[in-house]
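This report concerns only the one structure given below.
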Amino acid sequence: MSEPAMTLEPESSAPAQDTVTLTDNATGKSFTFPVLSGTAGPKVIDTRKLYAETGMFTYDPGYTSTGSCESKITYIDGEKGVLLHRGYAIEDLAEQSDYLEVAYLLLNGELPNRTEKLEFEQVITHHTMVHEQISWFYRGFRRDAHPMAVLCGVTGALSAFYGDSLDINDPQQRMIASHRLIAKVPTIAAMAYKYSVGQPFIYPRNDLRYAENLLSMMFSVPAEPYRVNRVLARAMDRILILHADHEQNASTSTVRLSGSSGANPFACIAAGIASLWGPAHGGANEAVLNMLAQIGRKERIGEFIKRAKDKNDPFRLMGFGHRVYKNFDPRAQVMRRTCHEVLSELGIKDEPLLDIAMELERIALEDEYFVDRKLYPNVDFYSGIILRAMNFPTSMFTVLFAIARTVGWISQWKEMIEDSDTRIGRPRQLYTGATHRPYVPLSMRG
């Protein structure tokens with residue numbers, strides 16, 4: 001076996017191994033690169049000068065071993081089941097904060113004091129209305145259009161209505177755009193739902209809190225007063241908190257890449273919504289319900305558990321385990337308690353899909369196969385059940401995810417814009433196509 005062309009080793013003479021040396025075995029040349037350390041997580045090799053010094057790129061499909069940016073917002077330790085926002089554990093935030101407090105934290109870096117929180121809530125509340133002409137957009141969509149298609153289109157169109165907050169180099173305009181997006185995306189999403197079911201749009205109410213307002217715009221009708229169910233509103237608030245940000249995932253990376261070109265924030269968030277729409281990203285809780293429907297009856301659970309354990313069977317149990325969390329999803333424990341609170345509040349006992357879900361949960365927490373492999377129910381498993389119990393159609397599940405994630409996207413976008421090291425995104429490639437070849441005229445191609 002031939003030896004590798006390059007070898008990479010820590011620089012033994014450097015203190016604390018803060019450099020690594022890349023040696024070209026063909027030429028004997030060595031190249032030294034810095035090793036950077038964050039406040040938590042693995043160290044990273046600074047390869048910004050790799051091509052200039054070696055004439056080579058790295059090859060990392062999906063960028064799963066590549067740090068694309070420096071960030072102070074969210075930290076995940078998948079091995080230990082840790083998720084921190086600005087240093088605060090997600091469990092503490094979900095149990096003790098509300099969504100707008102977490103939004104302030106993500107956006108500004110610190111938890112607000114009482115005055116700051118009140119001012120932030122008032123600003124967001126008074127930005128929830130959308131320009132009246134935006135309602136005309138909806139008439140251009142088919143009634144059966146997917147709400148994510150509508151949300152993506154209308155969010156991008158906000159830049160045509162709010163031209164006074166498009167200058168990304170103006171800190172004040174960046175903040176106004178951030179507030180507008182956090183406030184208006186729920187209104188746009190609720191309008192998408194109302195349009196799909198043929199009901200009149202419901203205006204936001206300044207006397208309601210963020211999650212309450214969302215539920216009101218979704219489910220109230222002009223014919224009767226809407227009464228907020230505090231248990232359901234708190235469940236909605238927790239769902240929003242638990243999905244607010246999740247480090248450099250596909251949609252967040254999309255927002256950052258779009259923003260690196262100088263695109264306006266409304267366009268960048270629309271790009272994030274488009275990325276989230278993919279079934280491998282934002283559609284997981286919808287996939288859980290599809291799986292429950294496929295199982296159909298509690299009596300068939302054993303059959304599907306057996307199939308899930310068979311490596312040769314393509315069937316997979318959705319909502320169990322997580323690509324990032326190798327131990328447990330810290331969000332799932334909060335969501336599990338919330339799920340049982342909602343089912344108890346609504347008195348749901350004989351709903352077939354929810355019965356199947358609860359039995360699957362019991363098995364997963366007791367079955368040696370699942371326990372040994374740490375295939376615990378994740379946040380998507382429980383959120384799908386909660387949203388179904390609250391009468392959200394499955395087509396709205398990813399839309400609700402987008403509402404929650406808007407503050408994470410805009411916080412990441414803002415951080416990127418304010419980072420002096422930001423450059424326009426330009427991934428490289430390993431080209432394996434044809435090399436230069438002569439052009440053959442059409443008459444000579446046979």
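Labeling convention for the structure tokens: chains A, B, ... as they appear, residues from 1 per chain, ligands from 1 in order of appearance.
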
Query raised in the report: Neighbours of Val228 of chain A within 8 Å (only C-alpha atoms; same-chain residues fewer than 3 positions away dropped), as number ranges by chain?
Result: A: 212, 215-216, 233

List as CSV every residue of segment 16-73 of chain A that is in contact with segment 245-265 of chain A, defined as an atom at most 12 Å from one of its atoms (using only C-alpha atoms), together with the nearest atom pair and the distance in Å rounded to one decimal, sorted by chain and then rising number.
```
residue,atom,partner,partner_atom,distance
A:Gly62,CA,A:Ala250,CA,9.1
A:Tyr63,CA,A:Ala250,CA,10.1
A:Thr64,CA,A:Asn249,CA,9.9
A:Ser65,CA,A:Gln248,CA,11.9
A:Thr66,CA,A:Gln248,CA,10.6
A:Gly67,CA,A:Gln248,CA,9.0
A:Ser68,CA,A:Gln248,CA,8.3
A:Cys69,CA,A:Gln248,CA,8.7
A:Glu70,CA,A:Gln248,CA,10.3
A:Ser71,CA,A:Glu247,CA,8.7
A:Lys72,CA,A:Glu247,CA,9.8
A:Ile73,CA,A:Glu247,CA,7.6
```

Output N, CA, C and O atoms of each residue in that selection to a file, as a PDB file, in the first residue's frame.
```
ATOM      1  N   GLY A  62     -20.610  18.129   2.896  1.00  0.00           N
ATOM      2  CA  GLY A  62     -21.518  18.475   3.983  1.00  0.00           C
ATOM      3  C   GLY A  62     -20.871  19.334   5.053  1.00  0.00           C
ATOM      4  O   GLY A  62     -21.539  19.752   5.999  1.00  0.00           O
ATOM      5  N   TYR A  63     -19.586  19.605   4.937  1.00  0.00           N
ATOM      6  CA  TYR A  63     -18.842  20.442   5.901  1.00  0.00           C
ATOM      7  C   TYR A  63     -18.965  19.942   7.334  1.00  0.00           C
ATOM      8  O   TYR A  63     -18.905  20.734   8.281  1.00  0.00           O
ATOM      9  N   THR A  64     -19.129  18.638   7.526  1.00  0.00           N
ATOM     10  CA  THR A  64     -19.348  18.122   8.874  1.00  0.00           C
ATOM     11  C   THR A  64     -18.096  18.137   9.740  1.00  0.00           C
ATOM     12  O   THR A  64     -18.184  17.943  10.949  1.00  0.00           O
ATOM     13  N   SER A  65     -16.924  18.351   9.129  1.00  0.00           N
ATOM     14  CA  SER A  65     -15.687  18.470   9.902  1.00  0.00           C
ATOM     15  C   SER A  65     -15.047  19.839   9.712  1.00  0.00           C
ATOM     16  O   SER A  65     -13.858  20.007   9.945  1.00  0.00           O
ATOM     17  N   THR A  66     -15.850  20.804   9.276  1.00  0.00           N
ATOM     18  CA  THR A  66     -15.322  22.126   8.963  1.00  0.00           C
ATOM     19  C   THR A  66     -16.041  23.191   9.781  1.00  0.00           C
ATOM     20  O   THR A  66     -17.275  23.235   9.791  1.00  0.00           O
ATOM     21  N   GLY A  67     -15.280  24.038  10.461  1.00  0.00           N
ATOM     22  CA  GLY A  67     -15.844  25.188  11.143  1.00  0.00           C
ATOM     23  C   GLY A  67     -15.986  26.321  10.149  1.00  0.00           C
ATOM     24  O   GLY A  67     -14.993  26.851   9.662  1.00  0.00           O
ATOM     25  N   SER A  68     -17.224  26.708   9.827  1.00  0.00           N
ATOM     26  CA  SER A  68     -17.449  27.723   8.795  1.00  0.00           C
ATOM     27  C   SER A  68     -17.407  29.136   9.337  1.00  0.00           C
ATOM     28  O   SER A  68     -17.365  30.092   8.567  1.00  0.00           O
ATOM     29  N   CYS A  69     -17.458  29.275  10.655  1.00  0.00           N
ATOM     30  CA  CYS A  69     -17.496  30.623  11.227  1.00  0.00           C
ATOM     31  C   CYS A  69     -17.114  30.560  12.699  1.00  0.00           C
ATOM     32  O   CYS A  69     -17.025  29.488  13.290  1.00  0.00           O
ATOM     33  N   GLU A  70     -16.913  31.726  13.280  1.00  0.00           N
ATOM     34  CA  GLU A  70     -16.775  31.855  14.727  1.00  0.00           C
ATOM     35  C   GLU A  70     -18.089  32.392  15.260  1.00  0.00           C
ATOM     36  O   GLU A  70     -18.669  33.317  14.693  1.00  0.00           O
ATOM     37  N   SER A  71     -18.603  31.817  16.348  1.00  0.00           N
ATOM     38  CA  SER A  71     -19.900  32.245  16.863  1.00  0.00           C
ATOM     39  C   SER A  71     -19.928  32.187  18.382  1.00  0.00           C
ATOM     40  O   SER A  71     -19.276  31.347  19.002  1.00  0.00           O
ATOM     41  N   LYS A  72     -20.682  33.091  18.971  1.00  0.00           N
ATOM     42  CA  LYS A  72     -20.859  33.148  20.422  1.00  0.00           C
ATOM     43  C   LYS A  72     -22.298  32.832  20.825  1.00  0.00           C
ATOM     44  O   LYS A  72     -22.681  33.062  21.969  1.00  0.00           O
ATOM     45  N   ILE A  73     -23.104  32.332  19.900  1.00  0.00           N
ATOM     46  CA  ILE A  73     -24.544  32.222  20.148  1.00  0.00           C
ATOM     47  C   ILE A  73     -24.946  30.889  20.775  1.00  0.00           C
ATOM     48  O   ILE A  73     -25.502  30.852  21.871  1.00  0.00           O
TER      49      ILE A  73
END
```

Query - Residue list (alpha helix (DSSP H), DSSP) for segment 199-237 of chain A, as a PyMOL selection string - result: chain A and resi 210-219+230-237

Report task. Might you pull out every residue within 8 Å of segment 318-327 of chain A, with only C-alpha atoms counted and same-chain residues fewer than 6 positions away left off, and present them as a ChimeraX atom specification? Result -> /A:77-81,284-285,287-288,291,374-381

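Atom to atom, atom CA of Ile124 of chain A and atom CA of Thr406 of chain A stand 13.1 Å apart.
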
If you take only C-alpha atoms and a cut-off of 12 Å, which residues of segment 137-188 of chain A touch segment 407-423 of chain A, and what are their nearest atom pairs and distances in Å to one decimal, in chain and number order, as CSV?
```
residue,atom,partner,partner_atom,distance
A:Asp167,CA,A:Ile417,CA,11.3
A:Ile168,CA,A:Ile417,CA,7.5
A:Asn169,CA,A:Ile417,CA,8.0
A:Asp170,CA,A:Ile417,CA,10.4
A:Pro171,CA,A:Glu418,CA,8.9
A:Gln172,CA,A:Lys414,CA,11.5
A:Gln173,CA,A:Lys414,CA,11.1
A:Arg174,CA,A:Lys414,CA,7.3
A:Met175,CA,A:Lys414,CA,8.5
A:Ile176,CA,A:Ile410,CA,11.3
A:Ala177,CA,A:Ile410,CA,9.0
A:Ser178,CA,A:Ile410,CA,6.2
A:His179,CA,A:Val407,CA,9.0
A:Arg180,CA,A:Ile410,CA,10.5
A:Leu181,CA,A:Val407,CA,8.0
A:Ile182,CA,A:Val407,CA,6.0
A:Ala183,CA,A:Val407,CA,9.7
A:Lys184,CA,A:Val407,CA,11.5
A:Val185,CA,A:Val407,CA,10.1
A:Pro186,CA,A:Val407,CA,11.6
```

Query raised in the report: segment 31-42 of chain A: which residues within 6 Å, counting only C-alpha atoms, same-chain residues fewer than 5 positions away excluded, as a PyMOL selection string?
Result: chain A and resi 18-22

Store the residues picked out above in a file with N, CA, C and O atoms, as a compact mmCIF listing (two decimals), in the first residue's frame.
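Writing done, so here's part_20.txt:
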```txt
# COMPACT_ATOMS: atom_id res chain seq x y z
N ASP A 18 -0.42 24.29 19.79
CA ASP A 18 -1.24 25.29 19.15
C ASP A 18 -0.96 25.45 17.67
O ASP A 18 -1.39 26.39 17.03
N THR A 19 -0.18 24.52 17.09
CA THR A 19 -0.01 24.46 15.64
C THR A 19 0.02 22.99 15.23
O THR A 19 0.28 22.10 16.05
N VAL A 20 -0.23 22.74 13.95
CA VAL A 20 -0.04 21.41 13.38
C VAL A 20 0.79 21.57 12.12
O VAL A 20 0.77 22.62 11.48
N THR A 21 1.52 20.52 11.78
CA THR A 21 2.37 20.55 10.60
C THR A 21 1.88 19.54 9.58
O THR A 21 1.64 18.37 9.90
N LEU A 22 1.72 20.01 8.35
CA LEU A 22 1.32 19.18 7.23
C LEU A 22 2.55 18.90 6.39
O LEU A 22 3.23 19.83 5.95
```

Query raised in the report: Could you name the residues that touch Ala189 of chain A at 8 Å or less, counting only C-alpha atoms, but leaving out those on the same chain fewer than 6 positions away, as a PyMOL selection string?
Result: chain A and resi 147+151+399-400+403

Dump as a PDB file, in the first residue's frame, selection limited to N, CA and C atoms:
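Final output, out_26.pdb:
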```pdb
ATOM      1  N   PRO A 147     -48.238  25.792   2.926  1.00  0.00           N
ATOM      2  CA  PRO A 147     -47.960  27.005   3.698  1.00  0.00           C
ATOM      3  C   PRO A 147     -46.488  27.424   3.701  1.00  0.00           C
ATOM      4  N   LEU A 151     -45.130  31.061   2.967  1.00  0.00           N
ATOM      5  CA  LEU A 151     -44.273  31.732   3.951  1.00  0.00           C
ATOM      6  C   LEU A 151     -42.969  32.192   3.321  1.00  0.00           C
ATOM      7  N   VAL A 399     -43.813  25.126   9.292  1.00  0.00           N
ATOM      8  CA  VAL A 399     -44.033  26.571   9.377  1.00  0.00           C
ATOM      9  C   VAL A 399     -43.807  27.053  10.809  1.00  0.00           C
ATOM     10  N   LEU A 400     -44.325  26.319  11.777  1.00  0.00           N
ATOM     11  CA  LEU A 400     -44.120  26.677  13.179  1.00  0.00           C
ATOM     12  C   LEU A 400     -42.645  26.600  13.557  1.00  0.00           C
ATOM     13  N   ILE A 403     -41.121  29.773  12.343  1.00  0.00           N
ATOM     14  CA  ILE A 403     -41.420  30.891  13.231  1.00  0.00           C
ATOM     15  C   ILE A 403     -40.428  30.908  14.393  1.00  0.00           C
TER      16      ILE A 403
END
```

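The nearest approach to Arg300 of chain A among the residues A:Val334, A:Ile356, A:Tyr99, A:Ser30, with only C-alpha atoms taken into account, belongs to A:Ile356.
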
Query raised in the report: What gap, in Å, lies between atom CA of Ser395 of chain A and atom CA of Asp98 of chain A?
Result: 25.4 Å

Report task. Tell me, as a VMD selection string, which residues lie within 9 Å of Glu116 of chain A, counting only C-alpha atoms; anything in the same chain fewer than 5 positions away does not count. Result -> chain A and resid 104 111 121
